[in-house]
Structure formats: structure tokens, C-alpha cells
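Undergrad: Please see the structure below; I have some questions.
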Amino acid sequence: MITDCVIEDERWDAVALDDLAERAAVAVLEHLDLGTEGYEIAVLACDDARIQELNADFRDKDKATNVLSWPSEERAPDEPGEEPYYPETPDPDGPPEELGDIAISYDTCLREANDAEIPFENHVTHLMIHAVLHLLGHDHIDDRDATLMEGIETEILGKMGIPDPYTI
């Protein structure tokens, strides 16, 4: 298993976040040809109150959000629109490569899925892919980076049979 989920909000059990998170992480790593062995990602499945605390503590934004990510190391590219510095393939005999941590809020995800009239599981899968890409150095602050990141997300989701969330 790549993902290790800590379920703080039991509502996540009903949608099997463990499985959604694992499928998303595997899909990203396979799509980027990084292999799927030897990586580790911690996922906190929480509610709006908890993610608001984390958002305030780490980003100085005192409001709930859908997902947060904390990469284990800086992998951002030197120039906008370039590919990040992906990790080397982990040594199969060594410790796992910790990619970082993710927190995801049930309340915000459910509200966004309902507002967009899309299946909750599809939205959560998209956000998990999005967060894993952040752990691997992708961002969306610059338009060129956003175009690259959104294109990768759309390709991965398409392979999983999930419609492009950017055209909804």
C-alpha cells in the first residue's frame, strides 16, 4: 500500500477512502512512469473544522478547504510549465520514499460534489490525484503550471473512466 489513511471523520468509511486514495496514488505514479513500489503517502480524512485548523496553521487562511498537501521535499521545477523534479525510483531494499502528507475534508468535498452535480467518489478521486501531484512538485499558481497539472489530472481521470472536471 502506498497510502496510509487516518480516518478522523467516520463518514469517510462509507465511501472507502482507503481504496479511493490508493487507486488515485497508483494512477498518478503509473501515469508518470515512476513505478508504484516503495512510496508512502499519509492521508488524514477529516471534516471542515479540522481542515480549517490546518489551513490556518500552515497557510494563514482561516477557512475550510477541500484538500491540503505537504510534500516531503521541494520538487518544483525551475521554470513555470516545466516538469517537476520527480523522485528517483526507491531502492526496493531500502525504506519507503515518503512523498508527503495529505488532508481531505468530507464536508467541503461533499458540498462541492453536490454543487457540481457529480458523484462524490469521482470528486474525491480527482482531489486525491490533485494532491498527489502537489506532493510530486506540481502546482497551479502560474497559468503554465496550471495547464500542465490540469492536463495530467484530466488524462489520469480519463483512464479511470471519470469525466474531465474542468469541463463540467
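Please note that chains go A, B, ... in the order of the C-alpha cells, that every chain numbers its residues from 1, and that ligands are numbered from 1 in the order shown.
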Can you check which residues of chain A DSSP gives as strand (DSSP E or B) on the backbone and send them as a PyMOL selection string?

TA: chain A and resi 3-7+39-46+67-71+97-105

Undergrad: If we count only C-alpha atoms, what is near stretch 36-41 of chain A at a cut-off of 6 Å, once residues fewer than 2 positions away on the same chain are taken out, given as an mmCIF file with all heavy atoms, in the first residue's frame?

TA:
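Below is the file part.cif, written as the result:
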data_model
loop_
_atom_site.group_PDB
_atom_site.id
_atom_site.type_symbol
_atom_site.label_atom_id
_atom_site.label_comp_id
_atom_site.auth_asym_id
_atom_site.auth_seq_id
_atom_site.Cartn_x
_atom_site.Cartn_y
_atom_site.Cartn_z
ATOM 1 N N ILE A 2 0.527 2.181 -0.858
ATOM 2 C CA ILE A 2 1.223 3.467 -0.922
ATOM 3 C C ILE A 2 0.643 4.422 0.117
ATOM 4 O O ILE A 2 1.373 5.142 0.784
ATOM 5 C CB ILE A 2 1.084 4.080 -2.331
ATOM 6 C CG1 ILE A 2 1.761 3.184 -3.359
ATOM 7 C CG2 ILE A 2 1.652 5.491 -2.370
ATOM 8 C CD1 ILE A 2 1.392 3.511 -4.794
ATOM 9 N N THR A 3 -0.686 4.414 0.235
ATOM 10 C CA THR A 3 -1.356 5.366 1.117
ATOM 11 C C THR A 3 -1.666 4.734 2.470
ATOM 12 O O THR A 3 -2.026 3.563 2.564
ATOM 13 C CB THR A 3 -2.663 5.879 0.483
ATOM 14 O OG1 THR A 3 -3.492 4.764 0.161
ATOM 15 C CG2 THR A 3 -2.373 6.683 -0.769
ATOM 16 N N LEU A 29 1.240 7.681 -10.097
ATOM 17 C CA LEU A 29 2.601 7.152 -10.223
ATOM 18 C C LEU A 29 2.782 6.359 -11.515
ATOM 19 O O LEU A 29 3.812 6.475 -12.181
ATOM 20 C CB LEU A 29 2.941 6.291 -9.003
ATOM 21 C CG LEU A 29 3.039 7.071 -7.690
ATOM 22 C CD1 LEU A 29 3.109 6.115 -6.499
ATOM 23 C CD2 LEU A 29 4.230 8.017 -7.697
ATOM 24 N N PRO A 90 12.579 4.353 -5.767
ATOM 25 C CA PRO A 90 13.088 3.920 -4.462
ATOM 26 C C PRO A 90 13.828 2.590 -4.541
ATOM 27 O O PRO A 90 13.498 1.723 -5.357
ATOM 28 C CB PRO A 90 11.822 3.774 -3.613
ATOM 29 C CG PRO A 90 10.770 4.541 -4.327
ATOM 30 C CD PRO A 90 11.141 4.499 -5.776
ATOM 31 N N PRO A 96 10.757 3.131 2.536
ATOM 32 C CA PRO A 96 9.919 3.757 1.517
ATOM 33 C C PRO A 96 10.248 5.237 1.347
ATOM 34 O O PRO A 96 10.691 5.896 2.287
ATOM 35 C CB PRO A 96 8.493 3.583 2.040
ATOM 36 C CG PRO A 96 8.604 3.152 3.446
ATOM 37 C CD PRO A 96 9.986 2.673 3.680
ATOM 38 N N GLU A 97 10.055 5.723 0.144
ATOM 39 C CA GLU A 97 10.215 7.151 -0.174
ATOM 40 C C GLU A 97 8.946 7.856 0.294
ATOM 41 O O GLU A 97 7.868 7.632 -0.258
ATOM 42 C CB GLU A 97 10.399 7.335 -1.674
ATOM 43 C CG GLU A 97 10.363 8.757 -2.159
ATOM 44 C CD GLU A 97 11.663 9.507 -1.928
ATOM 45 O OE1 GLU A 97 12.702 8.853 -1.817
ATOM 46 O OE2 GLU A 97 11.606 10.746 -1.869
ATOM 47 N N GLU A 98 9.071 8.688 1.316
ATOM 48 C CA GLU A 98 7.917 9.425 1.818
ATOM 49 C C GLU A 98 7.663 10.612 0.899
ATOM 50 O O GLU A 98 8.481 11.519 0.812
ATOM 51 C CB GLU A 98 8.166 9.880 3.249
ATOM 52 C CG GLU A 98 8.278 8.728 4.220
ATOM 53 C CD GLU A 98 8.531 9.182 5.648
ATOM 54 O OE1 GLU A 98 8.276 10.348 5.973
ATOM 55 O OE2 GLU A 98 8.990 8.337 6.428
ATOM 56 N N LEU A 99 6.515 10.584 0.220
ATOM 57 C CA LEU A 99 6.187 11.671 -0.697
ATOM 58 C C LEU A 99 5.571 12.860 0.030
ATOM 59 O O LEU A 99 5.684 13.985 -0.435
ATOM 60 C CB LEU A 99 5.245 11.171 -1.792
ATOM 61 C CG LEU A 99 5.832 10.102 -2.720
ATOM 62 C CD1 LEU A 99 4.801 9.667 -3.749
ATOM 63 C CD2 LEU A 99 7.096 10.605 -3.390
ATOM 64 N N GLY A 100 4.919 12.611 1.161
ATOM 65 C CA GLY A 100 4.336 13.698 1.931
ATOM 66 C C GLY A 100 3.007 13.320 2.533
ATOM 67 O O GLY A 100 2.631 12.144 2.584
ATOM 68 N N ASP A 101 2.291 14.355 2.984
ATOM 69 C CA ASP A 101 1.027 14.176 3.690
ATOM 70 C C ASP A 101 -0.095 14.926 2.977
ATOM 71 O O ASP A 101 0.133 15.984 2.392
ATOM 72 C CB ASP A 101 1.132 14.728 5.115
ATOM 73 C CG ASP A 101 2.229 14.067 5.919
ATOM 74 O OD1 ASP A 101 2.540 12.888 5.665
ATOM 75 O OD2 ASP A 101 2.788 14.745 6.812
#

Undergrad: Can you tell me which residues surround A:Leu133 at a distance of at most 10 Å, considering only C-alpha atoms, apart from same-chain residues fewer than 3 positions away, and format the answer as a PDB file with N, CA and C atoms, in the first residue's frame?

TA:
ATOM      1  N   ALA A  25      -3.373   7.348  -6.021  1.00  0.00           N
ATOM      2  CA  ALA A  25      -1.915   7.402  -5.923  1.00  0.00           C
ATOM      3  C   ALA A  25      -1.263   6.485  -6.963  1.00  0.00           C
ATOM      4  N   VAL A  28      -1.557   8.012 -10.493  1.00  0.00           N
ATOM      5  CA  VAL A  28      -0.607   9.108 -10.734  1.00  0.00           C
ATOM      6  C   VAL A  28       0.789   8.552 -10.973  1.00  0.00           C
ATOM      7  N   LEU A  29       1.240   7.681 -10.097  1.00  0.00           N
ATOM      8  CA  LEU A  29       2.601   7.152 -10.223  1.00  0.00           C
ATOM      9  C   LEU A  29       2.782   6.359 -11.515  1.00  0.00           C
ATOM     10  N   LEU A  32       2.945   8.754 -14.556  1.00  0.00           N
ATOM     11  CA  LEU A  32       4.228   9.464 -14.639  1.00  0.00           C
ATOM     12  C   LEU A  32       5.415   8.515 -14.778  1.00  0.00           C
ATOM     13  N   SER A  69      -2.009  19.607   0.997  1.00  0.00           N
ATOM     14  CA  SER A  69      -0.902  18.662   0.822  1.00  0.00           C
ATOM     15  C   SER A  69       0.402  19.288   1.311  1.00  0.00           C
ATOM     16  N   PRO A  71       4.302  18.335   0.729  1.00  0.00           N
ATOM     17  CA  PRO A  71       5.342  17.485   0.148  1.00  0.00           C
ATOM     18  C   PRO A  71       6.478  17.257   1.141  1.00  0.00           C
ATOM     19  N   PRO A  84       8.238  18.906 -12.888  1.00  0.00           N
ATOM     20  CA  PRO A  84       8.938  18.959 -11.598  1.00  0.00           C
ATOM     21  C   PRO A  84      10.084  17.942 -11.534  1.00  0.00           C
ATOM     22  N   LEU A 127      -9.623  15.008  -6.403  1.00  0.00           N
ATOM     23  CA  LEU A 127      -8.863  15.765  -5.403  1.00  0.00           C
ATOM     24  C   LEU A 127      -7.665  14.993  -4.882  1.00  0.00           C
ATOM     25  N   MET A 128      -7.791  13.684  -4.777  1.00  0.00           N
ATOM     26  CA  MET A 128      -6.640  12.878  -4.351  1.00  0.00           C
ATOM     27  C   MET A 128      -5.550  12.884  -5.426  1.00  0.00           C
ATOM     28  N   ILE A 129      -5.926  12.779  -6.681  1.00  0.00           N
ATOM     29  CA  ILE A 129      -4.953  12.883  -7.781  1.00  0.00           C
ATOM     30  C   ILE A 129      -4.283  14.252  -7.730  1.00  0.00           C
ATOM     31  N   HIS A 130      -5.080  15.282  -7.562  1.00  0.00           N
ATOM     32  CA  HIS A 130      -4.581  16.653  -7.470  1.00  0.00           C
ATOM     33  C   HIS A 130      -3.547  16.777  -6.336  1.00  0.00           C
ATOM     34  N   LEU A 136       4.274  15.699  -5.683  1.00  0.00           N
ATOM     35  CA  LEU A 136       5.328  15.426  -6.667  1.00  0.00           C
ATOM     36  C   LEU A 136       5.864  16.692  -7.330  1.00  0.00           C
ATOM     37  N   GLY A 137       5.475  17.867  -6.817  1.00  0.00           N
ATOM     38  CA  GLY A 137       6.053  19.112  -7.300  1.00  0.00           C
ATOM     39  C   GLY A 137       5.208  19.932  -8.240  1.00  0.00           C
ATOM     40  N   HIS A 138       4.018  19.466  -8.564  1.00  0.00           N
ATOM     41  CA  HIS A 138       3.137  20.237  -9.444  1.00  0.00           C
ATOM     42  C   HIS A 138       2.421  21.324  -8.665  1.00  0.00           C
ATOM     43  N   ASP A 139       2.069  22.389  -9.355  1.00  0.00           N
ATOM     44  CA  ASP A 139       1.312  23.478  -8.752  1.00  0.00           C
ATOM     45  C   ASP A 139       0.454  24.117  -9.820  1.00  0.00           C
ATOM     46  N   MET A 149      -0.649  20.801 -14.980  1.00  0.00           N
ATOM     47  CA  MET A 149      -1.238  19.994 -13.916  1.00  0.00           C
ATOM     48  C   MET A 149      -2.652  19.532 -14.273  1.00  0.00           C
ATOM     49  N   GLU A 150      -3.469  20.433 -14.768  1.00  0.00           N
ATOM     50  CA  GLU A 150      -4.839  20.084 -15.129  1.00  0.00           C
ATOM     51  C   GLU A 150      -4.869  19.078 -16.278  1.00  0.00           C
ATOM     52  N   ILE A 152      -2.606  16.749 -16.877  1.00  0.00           N
ATOM     53  CA  ILE A 152      -2.247  15.445 -16.302  1.00  0.00           C
ATOM     54  C   ILE A 152      -3.435  14.875 -15.539  1.00  0.00           C
ATOM     55  N   GLU A 153      -4.093  15.719 -14.736  1.00  0.00           N
ATOM     56  CA  GLU A 153      -5.264  15.255 -13.981  1.00  0.00           C
ATOM     57  C   GLU A 153      -6.327  14.699 -14.925  1.00  0.00           C
TER      58      GLU A 153
END

Undergrad: Considering only C-alpha atoms, state which residue in the set A:Thr108, A:Thr125, A:Asn114, A:Thr89 is at the smallest distance from A:Ala64.

TA: A:Thr108

Undergrad: With distances taken over only C-alpha atoms, which of A:Arg11, A:Ile162, A:Asp107, A:Leu44 is nearest to A:His123?

TA: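 Ranking A:Arg11, A:Ile162, A:Asp107, A:Leu44 by distance to A:His123, first place goes to A:Ile162.
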
Undergrad: Do you have the atom CA of A:Arg111-atom CA of A:Ala24 distance handy?

TA: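 About the pair atom CA of A:Arg111 and atom CA of A:Ala24: they are 20.7 Å apart.
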
Undergrad: Counting only C-alpha atoms, figure out which residue out of A:Ala14, A:Ala103, A:Ala21, A:Val132 gets nearest to A:Ile51.

TA: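 Among A:Ala14, A:Ala103, A:Ala21, A:Val132, it is A:Ala103 that comes nearest to A:Ile51.
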
Undergrad: Taking only C-alpha atoms into account, name the residue in A:Ile7, A:Ile118, A:Leu68, A:Ala27 that is nearest to A:Leu157.

TA: A:Ala27

Undergrad: With only C-alpha atoms as the atoms that count, which of A:Asp4, A:His140, A:Glu73, A:Tyr85 lies nearest to A:Leu20?

TA: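 Using only C-alpha atoms, A:Leu20 sits closest to A:Asp4.
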
Undergrad: May I have all residues of chain A that DSSP, computed from the backbone, assigns to alpha helix (DSSP H), given as JSON, numbers by chain?

TA: {"A": [17, 18, 19, 20, 21, 22, 23, 24, 25, 26, 27, 28, 29, 30, 31, 48, 49, 50, 51, 52, 53, 54, 55, 56, 57, 58, 59, 106, 107, 108, 109, 110, 111, 112, 113, 114, 115, 116, 120, 121, 122, 123, 124, 125, 126, 127, 128, 129, 130, 131, 132, 133, 134, 135, 143, 144, 145, 146, 147, 148, 149, 150, 151, 152, 153, 154, 155, 156, 157, 158, 159]}

Undergrad: I'd like the neighbourhood of A:Ala45 as a PyMOL selection string, where a residue qualifies if any of its atoms comes within 7 Å (using only C-alpha atoms), though same-chain residues fewer than 4 positions away should be ignored.

TA: chain A and resi 5-9+12+103-105
